[in-house]
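Structure file final-v6.txt (compact mmCIF, N, CA and C atoms) follows.
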```
# COMPACT_ATOMS: atom_id res chain seq x y z
N MET A 982 46.59 -15.21 26.16
CA MET A 982 47.41 -15.62 25.05
C MET A 982 46.63 -16.67 24.25
N HIS A 983 46.79 -16.59 22.94
CA HIS A 983 46.23 -17.63 22.09
C HIS A 983 47.29 -18.06 21.08
N LEU A 984 47.17 -19.29 20.65
CA LEU A 984 48.15 -19.84 19.73
C LEU A 984 47.78 -19.47 18.30
N ASP A 985 48.71 -18.85 17.60
CA ASP A 985 48.58 -18.59 16.17
C ASP A 985 49.25 -19.78 15.50
N THR A 986 48.47 -20.80 15.18
CA THR A 986 49.01 -22.06 14.69
C THR A 986 49.84 -21.91 13.42
N PRO A 987 49.38 -21.15 12.41
CA PRO A 987 50.22 -21.04 11.21
C PRO A 987 51.61 -20.47 11.48
N LYS A 988 51.71 -19.54 12.41
CA LYS A 988 53.00 -18.92 12.73
C LYS A 988 53.74 -19.65 13.84
N GLY A 989 53.01 -20.47 14.60
CA GLY A 989 53.63 -21.21 15.70
C GLY A 989 54.07 -20.33 16.85
N VAL A 990 53.31 -19.26 17.13
CA VAL A 990 53.65 -18.34 18.22
C VAL A 990 52.43 -18.10 19.08
N LEU A 991 52.66 -17.61 20.30
CA LEU A 991 51.59 -17.17 21.17
C LEU A 991 51.39 -15.67 20.97
N VAL A 992 50.13 -15.23 20.92
CA VAL A 992 49.82 -13.82 20.70
C VAL A 992 48.89 -13.35 21.82
N CYS A 993 49.24 -12.21 22.46
CA CYS A 993 48.39 -11.63 23.50
C CYS A 993 47.21 -10.93 22.84
N GLY A 994 46.00 -11.29 23.22
CA GLY A 994 44.80 -10.68 22.66
C GLY A 994 44.63 -9.23 23.05
N HIS A 995 45.26 -8.81 24.13
CA HIS A 995 45.13 -7.41 24.58
C HIS A 995 46.16 -6.51 23.93
N CYS A 996 47.44 -6.87 24.04
CA CYS A 996 48.48 -5.96 23.58
C CYS A 996 49.10 -6.34 22.24
N GLY A 997 48.80 -7.55 21.74
CA GLY A 997 49.34 -7.96 20.46
C GLY A 997 50.76 -8.47 20.52
N SER A 998 51.34 -8.60 21.73
CA SER A 998 52.70 -9.11 21.86
C SER A 998 52.78 -10.52 21.29
N VAL A 999 53.84 -10.78 20.55
CA VAL A 999 54.08 -12.10 19.99
C VAL A 999 55.17 -12.75 20.80
N ASP A 1000 54.93 -13.96 21.26
CA ASP A 1000 55.87 -14.65 22.12
C ASP A 1000 56.25 -15.98 21.51
N GLU A 1001 57.50 -16.12 21.12
CA GLU A 1001 57.98 -17.35 20.52
C GLU A 1001 58.66 -18.26 21.53
N GLY A 1002 58.95 -17.75 22.71
CA GLY A 1002 59.70 -18.52 23.69
C GLY A 1002 58.81 -19.37 24.56
N PRO A 1003 59.42 -20.07 25.51
CA PRO A 1003 58.63 -20.87 26.45
C PRO A 1003 57.81 -19.95 27.36
N SER A 1004 56.83 -20.52 27.98
CA SER A 1004 56.00 -19.77 28.90
C SER A 1004 56.85 -19.14 30.00
N LEU A 1005 56.43 -17.99 30.49
CA LEU A 1005 57.11 -17.35 31.61
C LEU A 1005 57.17 -18.29 32.81
N ALA A 1006 56.18 -19.16 32.91
CA ALA A 1006 56.12 -20.12 34.02
C ALA A 1006 57.38 -20.98 34.09
N ALA A 1007 58.05 -21.19 32.97
CA ALA A 1007 59.27 -22.00 32.95
C ALA A 1007 60.39 -21.35 33.74
N HIS A 1008 60.32 -20.04 33.95
CA HIS A 1008 61.37 -19.31 34.66
C HIS A 1008 61.02 -19.03 36.12
N LEU A 1009 59.80 -19.36 36.52
CA LEU A 1009 59.32 -19.04 37.87
C LEU A 1009 59.33 -20.26 38.78
N ASP A 1010 59.54 -20.01 40.07
CA ASP A 1010 59.28 -21.00 41.09
C ASP A 1010 57.85 -20.71 41.55
N ILE A 1011 56.91 -21.54 41.13
CA ILE A 1011 55.49 -21.28 41.38
C ILE A 1011 55.03 -22.06 42.60
N GLY A 1012 54.45 -21.34 43.54
CA GLY A 1012 53.93 -21.95 44.75
C GLY A 1012 52.42 -22.11 44.67
N GLY A 1013 51.81 -22.10 45.82
CA GLY A 1013 50.37 -22.28 45.89
C GLY A 1013 49.60 -21.00 45.62
N PRO A 1014 48.28 -21.11 45.61
CA PRO A 1014 47.44 -19.94 45.35
C PRO A 1014 47.54 -18.92 46.47
N SER A 1015 47.45 -17.66 46.07
CA SER A 1015 47.46 -16.57 47.05
C SER A 1015 46.01 -16.16 47.31
N SER A 1016 45.84 -15.18 48.16
CA SER A 1016 44.50 -14.65 48.43
C SER A 1016 44.15 -13.52 47.48
N THR A 1017 45.02 -13.25 46.49
CA THR A 1017 44.83 -12.17 45.54
C THR A 1017 44.37 -12.73 44.20
N ASN A 1018 43.33 -12.12 43.62
CA ASN A 1018 42.83 -12.57 42.33
C ASN A 1018 43.43 -11.76 41.19
N CYS A 1019 43.54 -12.38 40.04
CA CYS A 1019 44.05 -11.74 38.84
C CYS A 1019 43.13 -10.58 38.44
N PRO A 1020 43.70 -9.39 38.17
CA PRO A 1020 42.87 -8.26 37.75
C PRO A 1020 42.30 -8.42 36.35
N ALA A 1021 42.86 -9.33 35.56
CA ALA A 1021 42.40 -9.51 34.18
C ALA A 1021 41.36 -10.63 34.05
N CYS A 1022 41.55 -11.75 34.79
CA CYS A 1022 40.62 -12.88 34.60
C CYS A 1022 40.02 -13.42 35.91
N ALA A 1023 40.32 -12.78 37.03
CA ALA A 1023 39.75 -13.09 38.35
C ALA A 1023 40.15 -14.47 38.91
N THR A 1024 41.13 -15.12 38.34
CA THR A 1024 41.67 -16.38 38.85
C THR A 1024 42.59 -16.09 40.03
N PRO A 1025 42.62 -16.92 41.07
CA PRO A 1025 43.58 -16.68 42.15
C PRO A 1025 45.01 -16.71 41.60
N LEU A 1026 45.79 -15.71 41.96
CA LEU A 1026 47.18 -15.63 41.54
C LEU A 1026 48.02 -16.57 42.40
N ALA A 1027 49.08 -17.10 41.82
CA ALA A 1027 49.97 -18.02 42.55
C ALA A 1027 51.17 -17.26 43.10
N ASP A 1028 51.47 -17.50 44.37
CA ASP A 1028 52.69 -16.96 44.96
C ASP A 1028 53.86 -17.56 44.20
N SER A 1029 54.75 -16.71 43.68
CA SER A 1029 55.84 -17.19 42.84
C SER A 1029 57.10 -16.39 43.12
N ARG A 1030 58.21 -16.88 42.60
CA ARG A 1030 59.50 -16.21 42.76
C ARG A 1030 60.28 -16.29 41.46
N LEU A 1031 61.00 -15.22 41.17
CA LEU A 1031 61.94 -15.18 40.05
C LEU A 1031 63.25 -14.66 40.61
N ASP A 1032 64.24 -15.53 40.70
CA ASP A 1032 65.53 -15.20 41.32
C ASP A 1032 65.36 -14.59 42.71
N GLY A 1033 64.48 -15.16 43.49
CA GLY A 1033 64.29 -14.70 44.87
C GLY A 1033 63.35 -13.53 45.02
N ASN A 1034 62.88 -12.94 43.92
CA ASN A 1034 61.94 -11.81 43.98
C ASN A 1034 60.51 -12.33 43.96
N GLY A 1035 59.73 -11.95 44.96
CA GLY A 1035 58.35 -12.38 45.03
C GLY A 1035 57.47 -11.68 44.01
N VAL A 1036 56.69 -12.48 43.27
CA VAL A 1036 55.72 -11.98 42.31
C VAL A 1036 54.47 -12.83 42.43
N LEU A 1037 53.38 -12.36 41.86
CA LEU A 1037 52.15 -13.15 41.80
C LEU A 1037 51.87 -13.44 40.33
N PHE A 1038 51.68 -14.72 40.01
CA PHE A 1038 51.55 -15.17 38.63
C PHE A 1038 50.17 -15.77 38.40
N CYS A 1039 49.56 -15.43 37.27
CA CYS A 1039 48.26 -16.02 36.92
C CYS A 1039 48.48 -17.23 36.03
N ARG A 1040 48.11 -18.38 36.53
CA ARG A 1040 48.29 -19.62 35.76
C ARG A 1040 47.34 -19.67 34.56
N ARG A 1041 46.25 -18.94 34.60
CA ARG A 1041 45.29 -18.97 33.49
C ARG A 1041 45.74 -18.07 32.34
N CYS A 1042 45.95 -16.78 32.61
CA CYS A 1042 46.27 -15.84 31.53
C CYS A 1042 47.76 -15.52 31.43
N GLU A 1043 48.55 -15.97 32.40
CA GLU A 1043 49.99 -15.77 32.46
C GLU A 1043 50.41 -14.31 32.65
N GLY A 1044 49.52 -13.52 33.25
CA GLY A 1044 49.89 -12.17 33.66
C GLY A 1044 50.70 -12.23 34.94
N LEU A 1045 51.29 -11.08 35.31
CA LEU A 1045 52.20 -11.04 36.45
C LEU A 1045 51.98 -9.76 37.24
N LEU A 1046 51.81 -9.89 38.54
CA LEU A 1046 51.68 -8.74 39.44
C LEU A 1046 53.01 -8.60 40.16
N VAL A 1047 53.65 -7.43 39.97
CA VAL A 1047 54.99 -7.21 40.49
C VAL A 1047 54.99 -5.93 41.33
N GLY A 1048 55.55 -6.01 42.52
CA GLY A 1048 55.71 -4.82 43.35
C GLY A 1048 56.71 -3.87 42.73
N MET A 1049 56.45 -2.58 42.84
CA MET A 1049 57.37 -1.59 42.27
C MET A 1049 58.77 -1.69 42.87
N ALA A 1050 58.85 -2.11 44.13
CA ALA A 1050 60.15 -2.18 44.80
C ALA A 1050 61.09 -3.20 44.15
N CYS A 1051 60.55 -4.23 43.51
CA CYS A 1051 61.41 -5.25 42.89
C CYS A 1051 61.22 -5.34 41.38
N PHE A 1052 60.53 -4.38 40.79
CA PHE A 1052 60.21 -4.42 39.36
C PHE A 1052 61.47 -4.51 38.49
N VAL A 1053 62.46 -3.67 38.76
CA VAL A 1053 63.69 -3.67 37.96
C VAL A 1053 64.44 -4.99 38.13
N GLU A 1054 64.50 -5.50 39.36
CA GLU A 1054 65.20 -6.76 39.61
C GLU A 1054 64.52 -7.92 38.87
N VAL A 1055 63.19 -7.92 38.83
CA VAL A 1055 62.45 -8.97 38.13
C VAL A 1055 62.74 -8.89 36.63
N ALA A 1056 62.73 -7.69 36.07
CA ALA A 1056 63.03 -7.52 34.65
C ALA A 1056 64.45 -7.96 34.33
N GLU A 1057 65.40 -7.60 35.18
CA GLU A 1057 66.80 -7.99 34.97
C GLU A 1057 66.98 -9.49 35.09
N ALA A 1058 66.26 -10.13 36.01
CA ALA A 1058 66.35 -11.58 36.17
C ALA A 1058 65.90 -12.29 34.91
N LEU A 1059 64.84 -11.83 34.29
CA LEU A 1059 64.39 -12.45 33.05
C LEU A 1059 65.31 -12.07 31.90
N ARG A 1060 65.83 -10.86 31.91
CA ARG A 1060 66.73 -10.41 30.84
C ARG A 1060 67.94 -11.35 30.71
N THR A 1061 68.44 -11.87 31.81
CA THR A 1061 69.60 -12.77 31.75
C THR A 1061 69.25 -14.10 31.10
N ARG A 1062 67.96 -14.42 30.99
CA ARG A 1062 67.52 -15.70 30.42
C ARG A 1062 67.00 -15.56 28.99
N GLU A 1063 66.85 -14.36 28.50
CA GLU A 1063 66.21 -14.13 27.21
C GLU A 1063 67.20 -13.94 26.07
N ASP A 1064 66.77 -14.32 24.88
CA ASP A 1064 67.51 -14.07 23.65
C ASP A 1064 67.20 -12.65 23.23
N ARG A 1065 68.15 -11.75 23.42
CA ARG A 1065 67.90 -10.34 23.13
C ARG A 1065 68.11 -9.98 21.67
N ALA A 1066 68.41 -10.98 20.84
CA ALA A 1066 68.58 -10.70 19.42
C ALA A 1066 67.24 -10.61 18.70
N ARG A 1067 66.17 -10.94 19.37
CA ARG A 1067 64.85 -10.91 18.75
C ARG A 1067 64.34 -9.48 18.65
N VAL A 1068 63.56 -9.23 17.64
CA VAL A 1068 63.00 -7.90 17.40
C VAL A 1068 61.77 -7.71 18.28
N VAL A 1069 61.67 -6.54 18.89
CA VAL A 1069 60.48 -6.19 19.67
C VAL A 1069 59.59 -5.37 18.74
N LEU A 1070 58.44 -5.94 18.39
CA LEU A 1070 57.54 -5.27 17.46
C LEU A 1070 56.84 -4.09 18.12
N PRO A 1071 56.33 -3.15 17.32
CA PRO A 1071 55.60 -2.01 17.90
C PRO A 1071 54.39 -2.50 18.69
N ARG A 1072 54.06 -1.79 19.74
CA ARG A 1072 52.90 -2.18 20.54
C ARG A 1072 51.62 -1.85 19.80
N GLU A 1073 50.58 -2.61 20.12
CA GLU A 1073 49.30 -2.38 19.49
C GLU A 1073 48.31 -1.69 20.42
N GLN A 1074 48.52 -1.77 21.73
CA GLN A 1074 47.57 -1.14 22.63
C GLN A 1074 47.98 0.30 22.94
N MET A 1075 47.02 1.07 23.36
CA MET A 1075 47.24 2.46 23.73
C MET A 1075 46.70 2.65 25.15
N PRO A 1076 47.25 3.63 25.88
CA PRO A 1076 46.71 3.91 27.22
C PRO A 1076 45.22 4.23 27.13
N GLY A 1077 44.49 3.76 28.13
CA GLY A 1077 43.06 4.04 28.20
C GLY A 1077 42.19 3.06 27.45
N MET A 1078 42.78 2.03 26.84
CA MET A 1078 41.98 1.05 26.10
C MET A 1078 41.15 0.16 27.03
N ARG A 1079 41.55 0.09 28.29
CA ARG A 1079 40.80 -0.70 29.27
C ARG A 1079 41.11 -0.16 30.65
N GLU A 1080 40.32 -0.59 31.60
CA GLU A 1080 40.57 -0.22 32.99
C GLU A 1080 40.50 -1.47 33.84
N LEU A 1081 41.56 -1.70 34.62
CA LEU A 1081 41.60 -2.80 35.55
C LEU A 1081 41.47 -2.26 36.97
N SER A 1082 40.93 -3.08 37.84
CA SER A 1082 40.87 -2.73 39.26
C SER A 1082 42.06 -3.37 39.95
N CYS A 1083 42.66 -2.63 40.87
CA CYS A 1083 43.78 -3.16 41.62
C CYS A 1083 43.31 -4.38 42.43
N PRO A 1084 44.03 -5.49 42.33
CA PRO A 1084 43.61 -6.67 43.07
C PRO A 1084 43.81 -6.56 44.57
N GLN A 1085 44.52 -5.51 45.01
CA GLN A 1085 44.75 -5.34 46.44
C GLN A 1085 43.75 -4.38 47.07
N CYS A 1086 43.60 -3.19 46.47
CA CYS A 1086 42.72 -2.18 47.08
C CYS A 1086 41.39 -2.01 46.36
N GLY A 1087 41.26 -2.54 45.15
CA GLY A 1087 40.03 -2.44 44.39
C GLY A 1087 39.88 -1.15 43.60
N GLY A 1088 40.81 -0.21 43.77
CA GLY A 1088 40.75 1.05 43.04
C GLY A 1088 41.18 0.86 41.59
N PRO A 1089 40.91 1.85 40.75
CA PRO A 1089 41.32 1.74 39.35
C PRO A 1089 42.84 1.81 39.19
N MET A 1090 43.37 0.98 38.32
CA MET A 1090 44.79 1.00 38.02
C MET A 1090 45.01 1.98 36.86
N LEU A 1091 46.11 2.69 36.91
CA LEU A 1091 46.48 3.63 35.85
C LEU A 1091 47.08 2.83 34.70
N ASN A 1092 46.53 2.99 33.52
CA ASN A 1092 46.99 2.31 32.31
C ASN A 1092 47.84 3.31 31.54
N HIS A 1093 49.16 3.04 31.43
CA HIS A 1093 50.05 4.06 30.86
C HIS A 1093 51.22 3.44 30.10
N VAL A 1094 51.84 4.24 29.23
CA VAL A 1094 53.03 3.79 28.52
C VAL A 1094 54.15 3.69 29.55
N TYR A 1095 54.84 2.54 29.55
CA TYR A 1095 55.96 2.32 30.44
C TYR A 1095 57.14 3.16 29.95
N GLY A 1096 57.79 3.88 30.84
CA GLY A 1096 58.86 4.80 30.48
C GLY A 1096 60.19 4.14 30.19
N GLY A 1097 60.31 2.85 30.45
CA GLY A 1097 61.56 2.15 30.20
C GLY A 1097 61.54 1.45 28.85
N PRO A 1098 62.43 0.49 28.66
CA PRO A 1098 62.52 -0.20 27.37
C PRO A 1098 61.32 -1.11 27.13
N GLY A 1099 61.10 -1.45 25.88
CA GLY A 1099 60.08 -2.42 25.53
C GLY A 1099 58.87 -1.85 24.83
N ASN A 1100 58.66 -0.52 24.91
CA ASN A 1100 57.53 0.11 24.25
C ASN A 1100 56.23 -0.62 24.56
N LEU A 1101 55.84 -0.61 25.83
CA LEU A 1101 54.62 -1.29 26.23
C LEU A 1101 53.78 -0.44 27.15
N VAL A 1102 52.54 -0.85 27.30
CA VAL A 1102 51.59 -0.19 28.19
C VAL A 1102 51.38 -1.11 29.38
N ILE A 1103 51.57 -0.58 30.58
CA ILE A 1103 51.36 -1.39 31.79
C ILE A 1103 50.29 -0.74 32.65
N ASP A 1104 49.82 -1.49 33.62
CA ASP A 1104 48.81 -1.02 34.57
C ASP A 1104 49.46 -0.90 35.93
N THR A 1105 49.22 0.23 36.59
CA THR A 1105 49.89 0.53 37.85
C THR A 1105 48.88 1.00 38.90
N CYS A 1106 49.05 0.53 40.13
CA CYS A 1106 48.33 1.10 41.27
C CYS A 1106 49.37 1.83 42.10
N GLU A 1107 49.34 3.14 42.04
CA GLU A 1107 50.32 3.95 42.77
C GLU A 1107 50.18 3.79 44.28
N SER A 1108 48.95 3.70 44.77
CA SER A 1108 48.78 3.62 46.23
C SER A 1108 49.26 2.28 46.79
N CYS A 1109 49.12 1.19 46.05
CA CYS A 1109 49.58 -0.12 46.51
C CYS A 1109 50.99 -0.44 46.02
N ARG A 1110 51.53 0.41 45.14
CA ARG A 1110 52.88 0.25 44.59
C ARG A 1110 53.03 -1.07 43.84
N LEU A 1111 52.06 -1.34 42.93
CA LEU A 1111 52.02 -2.58 42.16
C LEU A 1111 51.95 -2.29 40.67
N ASN A 1112 52.58 -3.15 39.87
CA ASN A 1112 52.48 -3.11 38.42
C ASN A 1112 51.89 -4.42 37.94
N TRP A 1113 50.94 -4.33 37.01
CA TRP A 1113 50.39 -5.52 36.37
C TRP A 1113 50.96 -5.60 34.96
N LEU A 1114 51.52 -6.76 34.62
CA LEU A 1114 52.05 -7.01 33.29
C LEU A 1114 51.22 -8.10 32.63
N ASP A 1115 50.67 -7.78 31.47
CA ASP A 1115 49.91 -8.76 30.71
C ASP A 1115 50.86 -9.82 30.16
N PRO A 1116 50.32 -10.95 29.70
CA PRO A 1116 51.17 -12.00 29.15
C PRO A 1116 52.10 -11.45 28.07
N GLY A 1117 53.35 -11.83 28.15
CA GLY A 1117 54.33 -11.41 27.15
C GLY A 1117 54.99 -10.08 27.41
N GLU A 1118 54.43 -9.25 28.29
CA GLU A 1118 54.98 -7.92 28.50
C GLU A 1118 56.32 -7.94 29.23
N LEU A 1119 56.49 -8.81 30.21
CA LEU A 1119 57.78 -8.88 30.89
C LEU A 1119 58.85 -9.37 29.92
N ARG A 1120 58.51 -10.34 29.12
CA ARG A 1120 59.47 -10.84 28.12
C ARG A 1120 59.80 -9.73 27.11
N ARG A 1121 58.82 -8.95 26.71
CA ARG A 1121 59.03 -7.85 25.77
C ARG A 1121 59.99 -6.82 26.37
N LEU A 1122 59.78 -6.51 27.64
CA LEU A 1122 60.65 -5.58 28.35
C LEU A 1122 62.07 -6.14 28.45
N ALA A 1123 62.18 -7.42 28.76
CA ALA A 1123 63.49 -8.06 28.93
C ALA A 1123 64.26 -8.16 27.63
N ARG A 1124 63.57 -8.29 26.51
CA ARG A 1124 64.23 -8.41 25.21
C ARG A 1124 64.65 -7.07 24.62
N ALA A 1125 64.07 -5.99 25.11
CA ALA A 1125 64.34 -4.67 24.53
C ALA A 1125 65.78 -4.25 24.82
N LEU A 1126 66.36 -3.57 23.86
CA LEU A 1126 67.73 -3.08 24.01
C LEU A 1126 67.76 -1.86 24.89
```
Encoding of this model in structure tokens:
Amino acid sequence: MHLDTPKGVLVCGHCGSVDEGPSLAAHLDIGGPSSTNCPACATPLADSRLDGNGVLFCRRCEGLLVGMACFVEVAEALRTREDRARVVLPREQMPGMRELSCPQCGGPMLNHVYGGPGNLVIDTCESCRLNWLDPGELRRLARAL
């Protein structure tokens, strides 16, 4: 994320998501570093919780690694905290624009359009049952109608 000073918003350099709200970190209970590194910037991810759901959060790039088993619960937990009256702009990234390695198994993550709300592209490791969300993507999903 980088600050667009004239507009006063954070903008994701990868997906173009615009984030006017507080950092996702404000909604998380962030613990210590985990043994898992961020697939985007290689920083150790922090063990974190959102309404009791375990997630791994990158303090540097603010990406989020979420297990598929609790993905819907994590999105719903943030949805209860978000202003849903905001417009979700069209996404700027397309599948295949990059390839990330799964931080658990090291294999390539599938970069694909998410089938739910939010019109975003996420990265998934099917064998490890993990989803990687770039900065702003969980908020984008939570704000979508």
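Residue nearest A:Arg1040, chosen from A:Thr1105, A:Pro1025, A:Ala1125, A:Glu1054 and counting all atoms listed in the file: A:Pro1025.
With atom CA of A:Leu1009 on one side and atom N of A:Gly1077 on the other, the separation reads 28.9 Å.
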Considering only strand (DSSP E or B) as DSSP defines it on the backbone, what residues of stretch 997-1051 of chain A qualify? List them as a ChimeraX atom specification. /A:999-1000,1010-1018,1025-1031,1034-1038,1045-1048
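Atom to atom, atom CA of A:Thr1061 and atom C of A:Val1102 stand 21.8 Å apart.
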Excluding A:Glu1118 and any residue of its chain fewer than 3 positions from it, enumerate the residues within 8 Å of it, using only C-alpha atoms, and give them as a list of chain:residue names. A:Ser998, A:Leu1101, A:Leu1114, A:Asp1115, A:Arg1121, A:Leu1122
Please determine, counting only C-alpha atoms, which residue among A:Gly1035, A:Asn1100, A:Leu1081, A:Cys1106 has the shortest atom-to-atom distance to A:Ala1058. A:Gly1035
Quick check, in Å to one decimal: how far apart do atom CA of A:Tyr1095 and atom CA of A:Arg1060 lie? 16.7 Å
Identify which of the residues A:Arg1041, A:Arg1079, A:Arg1110, A:His1008 lies closest to A:Leu1026, counting only N, CA and C atoms when measuring atom-to-atom distances. A:Arg1041
